[in-house]
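Visitor: Contents are compact mmCIF, C-alpha atoms and all ligand atoms; file name run-v8.txt:
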# COMPACT_ATOMS: atom_id res chain seq x y z
CA MET D 1 -5.56 -94.79 29.26
CA GLY D 2 -7.90 -97.72 28.84
CA MET D 3 -8.97 -96.67 25.35
CA PHE D 4 -9.44 -99.20 22.56
CA ASP D 5 -11.39 -100.00 19.41
CA THR D 6 -13.87 -102.85 19.14
CA ILE D 7 -13.70 -105.10 16.10
CA ILE D 8 -17.02 -106.85 15.40
CA PHE D 9 -16.37 -110.10 13.49
CA ASP D 10 -18.32 -110.98 10.35
CA ARG D 11 -18.29 -114.60 11.58
CA PRO D 12 -17.34 -115.89 15.04
CA ILE D 13 -13.80 -117.14 15.62
CA PRO D 14 -13.61 -120.33 17.71
CA CYS D 15 -11.37 -120.26 20.78
CA ALA D 16 -8.24 -122.30 20.00
CA ARG D 17 -8.39 -123.92 23.44
CA CYS D 18 -12.08 -124.61 24.20
CA GLY D 19 -13.88 -123.90 20.93
CA ALA D 20 -16.17 -121.21 22.38
CA GLU D 21 -17.32 -118.69 19.78
CA ILE D 22 -15.64 -115.30 20.05
CA ARG D 23 -17.55 -112.55 18.30
CA SER D 24 -15.51 -109.40 18.84
CA ASP D 25 -12.17 -108.09 20.03
CA GLN D 26 -10.96 -104.99 21.80
CA THR D 27 -7.74 -103.80 20.20
CA LYS D 28 -5.33 -100.97 20.80
CA ALA D 29 -3.70 -101.34 17.37
CA PHE D 30 -5.53 -98.39 15.79
CA GLU D 31 -6.71 -94.94 16.87
CA CYS D 32 -8.49 -96.14 20.06
CA THR D 33 -11.66 -94.12 19.48
CA LEU D 34 -13.98 -96.45 21.46
CA ASP D 35 -15.87 -97.05 18.22
CA ASP D 36 -17.09 -100.33 16.73
CA TYR D 37 -15.53 -101.43 13.44
CA ARG D 38 -16.68 -104.03 10.98
CA ILE D 39 -15.33 -105.22 7.64
CA GLY D 40 -15.67 -102.35 5.17
CA ASP D 41 -15.16 -99.62 7.77
CA CYS D 42 -12.39 -97.06 7.55
CA ILE D 43 -10.24 -97.92 10.56
CA ALA D 44 -6.89 -96.30 9.75
CA HIS D 45 -5.21 -93.73 7.53
CA ALA D 46 -5.51 -94.06 3.77
CA GLU D 47 -1.82 -94.85 3.26
CA GLU D 48 -1.94 -97.88 5.55
CA ILE D 49 -1.67 -101.33 4.02
CA ARG D 50 -0.84 -103.85 6.72
CA ILE D 51 -1.65 -106.98 8.65
CA VAL D 52 -2.38 -106.53 12.34
CA GLY D 53 -2.03 -109.63 14.51
CA ASP D 54 -3.76 -109.66 17.89
CA ASP D 55 -4.58 -112.16 20.64
CA LEU D 56 -8.21 -112.92 21.36
CA TYR D 57 -9.51 -113.14 24.89
CA CYS D 58 -11.83 -116.08 25.57
CA ASN D 59 -14.43 -115.40 28.26
CA ALA D 60 -14.82 -119.13 28.91
CA CYS D 61 -11.08 -119.79 29.38
CA LYS D 62 -10.52 -116.41 31.06
CA ALA D 63 -7.34 -116.09 29.05
CA PHE D 64 -5.89 -114.90 25.73
CA THR D 65 -6.03 -118.08 23.70
CA THR D 66 -6.39 -117.35 20.03
CA ARG D 67 -4.27 -115.48 17.50
CA TYR D 68 -6.04 -113.72 14.64
CA TYR D 69 -5.23 -111.20 11.91
CA LEU D 70 -6.82 -108.05 10.56
CA ALA D 71 -6.14 -107.11 6.94
CA VAL D 72 -6.12 -103.35 6.37
CA TYR D 73 -5.98 -102.05 2.82
CA ARG D 74 -5.69 -98.30 2.25
CA GLY D 75 -7.10 -97.72 5.73
CA VAL D 76 -10.14 -99.95 5.16
CA LEU D 77 -10.64 -103.12 7.23
CA VAL D 78 -10.97 -105.70 4.44
CA GLY D 79 -10.59 -108.99 6.27
CA ILE D 80 -10.62 -110.76 9.66
CA GLU D 81 -8.76 -114.07 9.44
CA GLN D 82 -7.35 -116.79 11.69
CA GLU D 83 -4.43 -117.52 9.33
CA ARG D 84 -1.86 -114.86 8.63
CA GLU D 85 -1.34 -116.23 5.09
CA VAL D 86 -5.04 -115.84 4.28
CA ALA D 87 -5.00 -112.23 5.50
CA GLU D 88 -1.89 -111.54 3.42
CA ALA D 89 -3.49 -113.09 0.33
CA LEU D 90 -6.43 -110.72 0.80
CA LEU D 91 -4.08 -107.75 0.57
CA HIS D 92 -2.13 -109.14 -2.41
CA ASN D 93 -5.28 -109.89 -4.37
CA PHE D 94 -7.10 -106.69 -3.56
CA ASN D 95 -8.09 -104.75 -6.64
CA PHE D 96 -8.98 -101.17 -7.36
CA GLU D 97 -12.56 -101.88 -8.42
CA LYS D 98 -13.27 -103.51 -5.07
CA LEU D 99 -11.75 -100.57 -3.26
CA LEU D 100 -14.05 -98.19 -5.14
CA LEU D 101 -17.05 -100.21 -3.96
CA TRP D 102 -15.84 -99.98 -0.35
CA TYR D 103 -15.49 -96.22 -0.69
CA HIS D 104 -18.96 -96.01 -2.17
CA ASP D 105 -20.36 -97.82 0.90
CA LEU D 106 -18.34 -95.64 3.26
CA TYR D 107 -19.74 -92.51 1.65
CA ARG D 108 -23.25 -93.87 2.17
CA LYS D 109 -22.49 -94.60 5.82
CA ARG D 110 -21.21 -91.07 6.25
CA GLN D 111 -24.45 -89.65 4.81
CA HIS D 112 -26.46 -91.77 7.24
CA ALA D 113 -24.30 -90.66 10.18
CA LEU D 114 -24.78 -86.99 9.23
CA ALA D 115 -28.54 -87.47 8.96
CA ASP D 116 -28.58 -89.19 12.38
CA ASN D 117 -26.66 -86.31 13.88
CA ARG D 118 -28.93 -83.65 12.36
CA ARG D 119 -32.01 -85.50 13.58
CA ALA D 120 -30.65 -85.75 17.15
CA GLU D 121 -29.79 -82.03 17.23
CA ALA D 122 -33.17 -81.04 15.86
CA PHE D 123 -34.87 -83.22 18.44
CA MET D 124 -32.90 -81.70 21.33
CA ARG D 125 -33.79 -78.20 20.15
CA GLN D 126 -37.46 -79.15 19.93
CA VAL D 127 -37.47 -80.68 23.41
CA CYS D 128 -36.14 -77.38 24.80
CA GLU D 129 -38.64 -75.34 22.85
CA TRP D 130 -41.57 -77.62 23.72
CA PHE D 131 -41.07 -77.62 27.48
CA GLU D 132 -39.68 -74.09 27.89
CA GLY D 133 -42.45 -72.71 25.69
CA GLY D 134 -45.15 -74.45 27.74
CA TYR D 135 -46.39 -76.44 24.74
CA ASP D 136 -46.65 -79.52 26.98
CA LYS D 137 -49.44 -77.71 28.87
CA GLN D 138 -51.49 -76.86 25.76
CA ALA D 139 -54.35 -78.84 24.29
CA PRO D 140 -53.34 -80.59 21.02
CA GLU D 141 -55.69 -78.44 18.90
CA GLY D 142 -53.96 -75.28 20.14
CA LEU D 143 -50.59 -76.33 18.73
CA GLY D 144 -49.39 -75.28 15.30
CA SER D 145 -49.51 -78.19 12.90
CA LEU D 146 -46.00 -77.89 11.42
CA ARG D 147 -43.91 -76.46 14.21
CA PHE D 148 -42.99 -79.73 15.91
CA PHE D 149 -43.58 -81.82 12.83
CA LEU D 150 -40.65 -84.24 13.26
CA SER D 151 -40.82 -84.72 17.01
CA ARG D 152 -44.51 -84.26 17.70
CA ASP D 153 -45.39 -87.94 18.28
CA ILE D 154 -42.71 -88.28 20.93
CA LEU D 155 -43.32 -84.89 22.58
CA GLU D 156 -47.06 -85.38 22.93
CA LYS D 157 -46.65 -88.62 24.86
CA SER D 158 -43.82 -87.33 27.11
CA GLU D 159 -44.58 -85.81 30.51
CA THR D 160 -41.05 -84.55 31.03
CA PRO D 161 -37.93 -83.76 28.95
CA LEU D 162 -36.32 -86.88 30.40
CA ALA D 163 -39.23 -89.03 29.23
CA ALA D 164 -38.88 -87.45 25.77
CA LEU D 165 -35.21 -88.45 25.64
CA HIS D 166 -36.04 -92.01 26.68
CA HIS D 167 -38.70 -92.26 23.97
CA PHE D 168 -36.32 -90.87 21.36
CA LEU D 169 -33.54 -93.30 22.32
CA ALA D 170 -35.92 -96.27 22.37
CA GLU D 171 -37.21 -95.33 18.91
CA ARG D 172 -33.69 -95.02 17.60
CA GLU D 173 -32.63 -98.39 18.99
CA ALA D 174 -35.68 -100.03 17.44
CA GLU D 175 -34.85 -98.45 14.06
CA ALA D 176 -31.21 -99.54 14.30
CA LYS D 177 -32.29 -103.08 15.10
CA ALA D 178 -34.77 -103.11 12.21
CA GLY D 179 -31.99 -101.81 9.95
CA ASP D 180 -29.62 -104.57 11.10
CA ASP D 181 -32.27 -107.20 10.53
CA ASN D 182 -32.77 -105.95 6.98
CA GLY D 183 -29.04 -105.78 6.41
CA GLN D 184 -29.22 -102.04 5.90
CA MET D 185 -29.25 -98.81 7.86
CA SER D 186 -32.26 -96.62 8.42
CA LEU D 187 -32.13 -92.96 7.50
CA TRP D 188 -33.17 -91.60 10.86
ZN ZN D 201 -11.73 -120.73 25.37
Would you mind writing the structure in this file as C-alpha cells?
Ligand SMILES: [Zn+2]

Guide:
Amino acid sequence: MGMFDTIIFDRPIPCARCGAEIRSDQTKAFECTLDDYRIGDCIAHAEEIRIVGDDLYCNACKAFTTRYYLAVYRGVLVGIEQEREVAEALLHNFNFEKLLLWYHDLYRKRQHALADNRRAEAFMRQVCEWFEGGYDKQAPEGLGSLRFFLSRDILEKSETPLAALHHFLAEREAEAKAGDDNGQMSLW
C-alpha cells in the first residue's frame, strides 16, 4: 500500500504540456522498496531485460503529462529516455564490457553502504556506552585516549544522546553533500 521506488533522472525531462523540468518519478514498476535509483543502480532481478514505460506527473500542471521510458538491462537501470525507440536502442546496443563496468561500480557502492552501516552501528554503541557509563560527566583528561576514538569529537560536544544523534546525522549529510559535489561517495 502506497509503496513505490523513486527514479532520480540524470537530466531533467521537460513536461510535454508546459515545459517545466521534471527531475524524478515515483514508480510502482519495480520492487517498491522506497529507495532512490539512478542510472547504474541495480533496480531489478538479473534476468530482467526490458523497457518500462511510465507517465510523469508535472507539479505545475497538476497532472500526468509526459510519457517516458526506463531501459533495464540484466537488472541494471541503464537509461532514462523520452523516446521508446531510444530506450530500445540502448538495450540492443548494450555490450558485455559495459555491463562489467556497471557491476564494478555496483560493487563499490555496496562496499560504501556496508561501511556506512558499520559506522552507524559503532556510533550507536558508543553513544550508549558514553552516556550510560557516565563519560559525559568526566573531564576530558580522565577519558581513555582510544576508547571513543571514532566518535569522540561528536560525543564531547553533545549534552544528551539526542544531541549526539543530531550531530552525527548533520555530519553525515554534510559528507554526502560533499561527495555528491565531487561526483563521488565518501567512505563514512
Ligand atoms: Zn506541466

Visitor: Under the rule that all atoms listed in the file are counted, which of D:Phe94, D:Leu146, D:Pro161, D:Asp153 is the nearest residue to Met124 in chain D?

Guide: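 Nearest candidate to Met124 in chain D out of D:Phe94, D:Leu146, D:Pro161, D:Asp153: D:Pro161.
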
Visitor: Around ligand ZN 201 (chain D), which protein and nucleic acid residues have at least one atom no more than 8 Å from it, if we count all atoms listed in the file? List them as a PyMOL selection string.

Guide: chain D and resi 14-20+57-63+65

Visitor: Counting only C-alpha atoms, find residues at most 12 Å from (-11.9, -109.7, 19.3) (file frame) and give them as JSON, numbers by chain.

Guide: {"D": [4, 5, 6, 7, 8, 9, 10, 11, 12, 13, 14, 15, 21, 22, 23, 24, 25, 26, 27, 28, 29, 36, 37, 38, 53, 54, 55, 56, 57, 58, 59, 64, 65, 66, 67, 68, 69, 70, 80, 81, 82]}

Visitor: Taking all atoms listed in the file into account, name the residue in D:Leu150, D:Leu155, D:Leu101, D:Leu106 that is nearest to Gly134 in chain D.

Guide: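 Under the stated criterion, the closest residue is D:Leu155.
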
Visitor: Suppose you want the space between CA of Ala89 in chain D and CA of Thr33 in chain D; what is it in Å?

Guide: 28.2 Å

Visitor: With a distance cut-off of 12 Å and all atoms listed in the file, select the neighbouring residues of Cys42 in chain D, excluding the residue or stretch itself and same-chain residues fewer than 5 positions from it, and output the selection as a PyMOL selection string.

Guide: chain D and resi 7+30-31+35-37+47-48+71-78+99+102-107+109-110

Visitor: With C-alpha atoms retained, export the selected residues as a CSV table (one decimal), keeping the file's coordinate frame.

Guide:
chain,number,residue,atom,x,y,z
D,7,ILE,CA,-13.7,-105.1,16.1
D,30,PHE,CA,-5.5,-98.4,15.8
D,31,GLU,CA,-6.7,-94.9,16.9
D,35,ASP,CA,-15.9,-97.0,18.2
D,36,ASP,CA,-17.1,-100.3,16.7
D,37,TYR,CA,-15.5,-101.4,13.4
D,47,GLU,CA,-1.8,-94.8,3.3
D,48,GLU,CA,-1.9,-97.9,5.6
D,71,ALA,CA,-6.1,-107.1,6.9
D,72,VAL,CA,-6.1,-103.4,6.4
D,73,TYR,CA,-6.0,-102.0,2.8
D,74,ARG,CA,-5.7,-98.3,2.2
D,75,GLY,CA,-7.1,-97.7,5.7
D,76,VAL,CA,-10.1,-100.0,5.2
D,77,LEU,CA,-10.6,-103.1,7.2
D,78,VAL,CA,-11.0,-105.7,4.4
D,99,LEU,CA,-11.8,-100.6,-3.3
D,102,TRP,CA,-15.8,-100.0,-0.4
D,103,TYR,CA,-15.5,-96.2,-0.7
D,104,HIS,CA,-19.0,-96.0,-2.2
D,105,ASP,CA,-20.4,-97.8,0.9
D,106,LEU,CA,-18.3,-95.6,3.3
D,107,TYR,CA,-19.7,-92.5,1.6
D,109,LYS,CA,-22.5,-94.6,5.8
D,110,ARG,CA,-21.2,-91.1,6.2

Visitor: Pick the closest to Gly79 in chain D from D:Ile39, D:Ala44, D:His112, D:Ile49: which is it, counting all atoms listed in the file?

Guide: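 Comparing D:Ile39, D:Ala44, D:His112, D:Ile49 against Gly79 in chain D, the winner is D:Ile39.
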
Visitor: Go through D:Phe96, D:Arg108, D:Glu156, D:Phe168 one by one, measure the shortest atom-to-atom distance of each to Glu121 in chain D using all atoms listed in the file, and give the residue with the smallest value.

Guide: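 The closest residue to Glu121 in chain D is D:Phe168.
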
Visitor: Padding 8 Å on each side, edges along x, y and z: where is the centre of the box around the listed atoms of range 42-47 of chain D, and how long are its edges in Å to one decimal? Output it as JSON.

Guide:
{"center_x": -7.1, "center_y": -95.8, "center_z": 6.9, "size_x": 26.6, "size_y": 20.2, "size_z": 23.3}

Visitor: So, counting all atoms listed in the file, which residue among D:Asn95, D:Ala122, D:Lys137, D:Arg172 is closest to Phe149 in chain D?

Guide: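 Of all the options, D:Ala122 lies closest to Phe149 in chain D.
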
Visitor: Have a look at CA of Met3 in chain D and CA of Cys32 in chain D and let me know their distance in Å, one decimal.

Guide: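 Atom-to-atom, CA of Met3 in chain D to CA of Cys32 in chain D, that is 5.3 Å.
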
Visitor: Report the distance between CA of Asp136 in chain D and CA of Ser158 in chain D in Å, rounded to one decimal place.

Guide: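 So the answer is 8.3 Å.
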
Visitor: Find, counting all atoms listed in the file, the residue in D:Arg152, D:His45, D:Gly40, D:Thr160 that gets nearest to Glu132 in chain D.

Guide: D:Thr160

Visitor: Name all residues at most 8 Å from Gln126 in chain D (count all atoms listed in the file; drop same-chain ones fewer than 3 positions away) and give them as an MDAnalysis selection string.

Guide: chainID D and resid 122:123 129:130 148 151
